[in-house]
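Novice: First the structure, which I've put down as structure tokens, then a few questions once you've had a look.
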Amino acid sequence: MGALWIANVTVTDEEAYGKYAALAGPAIAKHGGEFIARAARFVQLEGRERPRNVVAKFPDVDTAVACYHSPEYQEALDFARGASERELMVIETSE
């Protein structure tokens, strides 16, 4: 089954987060991830609002988790730490 990588982000340092984004995109693509929503218009109906929301589709949960733990993504993540407040989850799809 497929999986969705869902990130809800408040960026606190645009410059550093830009470096994260430049590295994270290729790392996600390398692991079969495809962005289906990236900082697009949203309506917050419940919970804490984060102005940047990203959804990527992966072949399965294990691949998405492996991407997160990969050296390429961890290198990118070094730039996001301290430059953002984030929640990230991977959820299996029913497809």
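Within each chain, counting starts at residue 1; across the structure tokens, chains are named A, B, ... in the order shown, with ligands numbered 1 upward in that order.
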Do you know which residues are at most 8 Å from range 82-86 of chain A counting only C-alpha atoms, after dropping those on the same chain fewer than 4 positions away, and could you put them as a list in words?
Specialist: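 Near neighbours after the sequence-gap exclusion: Ala7, Asn8, Val9, Thr10, Val11, Thr12, Asp13, Glu14, Ala16 and Tyr17 of chain A.
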Novice: Quick one: residues within 12 Å of Leu88 in chain A, only C-alpha atoms, excluding same-chain residues fewer than 5 positions away - as JSON, numbers by chain?
Specialist: {"A": [4, 5, 6, 7, 8, 9, 10, 50, 52, 53, 54, 55, 56, 64, 65, 68, 77]}
Novice: Go ahead and dump the residues you just picked, all heavy atoms, as a compact mmCIF listing (two decimals), in the first residue's frame.
Specialist:
# COMPACT_ATOMS: atom_id res chain seq x y z
N LEU A 4 1.62 8.37 2.68
CA LEU A 4 1.73 9.82 2.59
C LEU A 4 2.64 10.31 3.70
O LEU A 4 2.52 9.90 4.85
CB LEU A 4 0.36 10.49 2.71
CG LEU A 4 -0.64 10.16 1.62
CD1 LEU A 4 -1.97 10.83 1.92
CD2 LEU A 4 -0.12 10.56 0.25
N TRP A 5 3.53 11.21 3.32
CA TRP A 5 4.45 11.90 4.24
C TRP A 5 3.82 13.27 4.40
O TRP A 5 3.66 14.00 3.43
CB TRP A 5 5.79 11.93 3.56
CG TRP A 5 6.87 12.83 4.02
CD1 TRP A 5 6.83 14.17 4.22
CD2 TRP A 5 8.23 12.44 4.25
NE1 TRP A 5 8.06 14.63 4.56
CE2 TRP A 5 8.94 13.60 4.58
CE3 TRP A 5 8.89 11.22 4.18
CZ2 TRP A 5 10.30 13.57 4.86
CZ3 TRP A 5 10.25 11.21 4.46
CH2 TRP A 5 10.94 12.36 4.81
N ILE A 6 3.40 13.61 5.61
CA ILE A 6 2.68 14.85 5.85
C ILE A 6 3.47 15.70 6.83
O ILE A 6 3.72 15.27 7.97
CB ILE A 6 1.26 14.58 6.39
CG1 ILE A 6 0.50 13.68 5.41
CG2 ILE A 6 0.53 15.89 6.64
CD1 ILE A 6 -0.82 13.15 5.95
N ALA A 7 3.87 16.87 6.39
CA ALA A 7 4.64 17.80 7.23
C ALA A 7 3.86 19.08 7.40
O ALA A 7 3.32 19.64 6.44
CB ALA A 7 5.99 18.10 6.59
N ASN A 8 3.79 19.54 8.65
CA ASN A 8 3.18 20.82 8.99
C ASN A 8 4.29 21.65 9.62
O ASN A 8 4.88 21.25 10.62
CB ASN A 8 2.02 20.62 9.97
CG ASN A 8 1.03 19.61 9.46
OD1 ASN A 8 0.99 18.50 9.96
ND2 ASN A 8 0.26 19.95 8.47
N VAL A 9 4.56 22.82 9.03
CA VAL A 9 5.77 23.56 9.37
C VAL A 9 5.51 25.05 9.58
O VAL A 9 4.76 25.67 8.82
CB VAL A 9 6.82 23.41 8.22
CG1 VAL A 9 8.13 24.08 8.59
CG2 VAL A 9 7.03 21.95 7.86
N THR A 10 6.17 25.60 10.58
CA THR A 10 6.31 27.04 10.73
C THR A 10 7.79 27.36 10.56
O THR A 10 8.62 26.86 11.34
CB THR A 10 5.84 27.53 12.11
OG1 THR A 10 4.45 27.20 12.27
CG2 THR A 10 6.03 29.03 12.27
N ARG A 50 -0.17 25.69 11.00
CA ARG A 50 1.20 25.83 10.51
C ARG A 50 1.09 26.37 9.09
O ARG A 50 0.38 25.80 8.26
CB ARG A 50 1.92 24.47 10.48
CG ARG A 50 2.09 23.82 11.84
CD ARG A 50 3.22 24.42 12.58
NE ARG A 50 3.52 23.64 13.78
CZ ARG A 50 4.30 24.08 14.73
NH1 ARG A 50 4.85 25.27 14.63
NH2 ARG A 50 4.54 23.34 15.78
N ARG A 52 3.04 26.37 6.51
CA ARG A 52 3.60 25.60 5.39
C ARG A 52 3.24 24.14 5.60
O ARG A 52 3.60 23.54 6.61
CB ARG A 52 5.11 25.78 5.33
CG ARG A 52 5.75 25.07 4.15
CD ARG A 52 7.25 25.41 4.08
NE ARG A 52 7.90 24.68 3.05
CZ ARG A 52 8.01 25.06 1.79
NH1 ARG A 52 7.48 26.21 1.42
NH2 ARG A 52 8.63 24.34 0.89
N ASN A 53 2.55 23.57 4.63
CA ASN A 53 2.11 22.18 4.72
C ASN A 53 2.55 21.46 3.45
O ASN A 53 2.38 21.97 2.35
CB ASN A 53 0.59 22.13 4.88
CG ASN A 53 0.17 22.85 6.14
OD1 ASN A 53 0.32 22.33 7.22
ND2 ASN A 53 -0.31 24.07 6.01
N VAL A 54 3.12 20.28 3.64
CA VAL A 54 3.66 19.52 2.51
C VAL A 54 3.17 18.08 2.61
O VAL A 54 3.19 17.47 3.68
CB VAL A 54 5.21 19.55 2.54
CG1 VAL A 54 5.78 18.70 1.42
CG2 VAL A 54 5.72 20.98 2.46
N VAL A 55 2.75 17.54 1.47
CA VAL A 55 2.35 16.13 1.39
C VAL A 55 3.11 15.50 0.23
O VAL A 55 3.10 16.03 -0.89
CB VAL A 55 0.83 15.98 1.17
CG1 VAL A 55 0.45 14.50 1.09
CG2 VAL A 55 0.04 16.70 2.26
N ALA A 56 3.78 14.40 0.52
CA ALA A 56 4.47 13.64 -0.52
C ALA A 56 3.94 12.21 -0.49
O ALA A 56 3.64 11.66 0.57
CB ALA A 56 5.98 13.65 -0.30
N ALA A 64 9.07 5.43 2.88
CA ALA A 64 9.01 6.80 3.40
C ALA A 64 9.86 6.94 4.66
O ALA A 64 10.59 7.93 4.81
CB ALA A 64 7.56 7.19 3.68
N VAL A 65 9.79 5.97 5.54
CA VAL A 65 10.59 6.00 6.77
C VAL A 65 12.07 5.87 6.45
O VAL A 65 12.92 6.56 7.04
CB VAL A 65 10.11 4.92 7.77
CG1 VAL A 65 11.04 4.82 8.96
CG2 VAL A 65 8.68 5.23 8.22
N TYR A 68 13.37 9.20 5.38
CA TYR A 68 13.61 10.08 6.53
C TYR A 68 14.95 9.78 7.17
O TYR A 68 15.70 10.70 7.54
CB TYR A 68 12.49 9.94 7.56
CG TYR A 68 12.70 10.82 8.76
CD1 TYR A 68 12.31 12.15 8.74
CD2 TYR A 68 13.34 10.33 9.90
CE1 TYR A 68 12.54 12.98 9.82
CE2 TYR A 68 13.56 11.15 11.00
CZ TYR A 68 13.16 12.48 10.95
OH TYR A 68 13.39 13.29 12.03
N LEU A 77 17.89 17.81 6.82
CA LEU A 77 17.22 18.09 8.08
C LEU A 77 18.08 18.92 9.03
O LEU A 77 17.56 19.69 9.84
CB LEU A 77 16.80 16.77 8.74
CG LEU A 77 15.78 16.83 9.84
CD1 LEU A 77 14.52 17.56 9.40
CD2 LEU A 77 15.44 15.42 10.30
Novice: Report the distance between CA of Gly25 in chain A and CA of Glu46 in chain A in Å, rounded to one decimal place.
Specialist: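 If I compute the distance from CA of Gly25 in chain A to CA of Glu46 in chain A, I get 28.1 Å.
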Novice: Show me, as a compact mmCIF listing (two decimals) with N, CA, C and O atoms, in the first residue's frame, the residues that have an atom within 9 Å of Glu92 in chain A when counting only C-alpha atoms, minus same-chain residues fewer than 6 positions from it.
Specialist:
# COMPACT_ATOMS: atom_id res chain seq x y z
N MET A 1 0.83 -1.19 0.00
CA MET A 1 0.00 0.00 0.00
C MET A 1 0.87 1.24 0.00
O MET A 1 1.96 1.23 0.54
N GLY A 2 0.36 2.31 -0.56
CA GLY A 2 1.08 3.56 -0.61
C GLY A 2 1.15 4.23 0.75
O GLY A 2 0.58 3.75 1.73
N ALA A 3 1.86 5.33 0.81
CA ALA A 3 2.00 6.09 2.05
C ALA A 3 2.09 7.57 1.74
O ALA A 3 2.57 7.97 0.68
N LEU A 4 1.62 8.37 2.68
CA LEU A 4 1.73 9.82 2.59
C LEU A 4 2.64 10.31 3.70
O LEU A 4 2.52 9.90 4.85
N ASP A 60 5.32 3.07 -0.18
CA ASP A 60 4.86 2.38 1.03
C ASP A 60 5.47 3.06 2.25
O ASP A 60 6.37 3.91 2.13
N VAL A 61 4.99 2.70 3.42
CA VAL A 61 5.45 3.30 4.67
C VAL A 61 6.94 3.07 4.88
O VAL A 61 7.69 3.98 5.26
Novice: Counting only C-alpha atoms, which of A:Phe35, A:Tyr73, A:Phe42, A:Phe79 gets nearest to Phe58 in chain A?
Specialist: A:Phe35
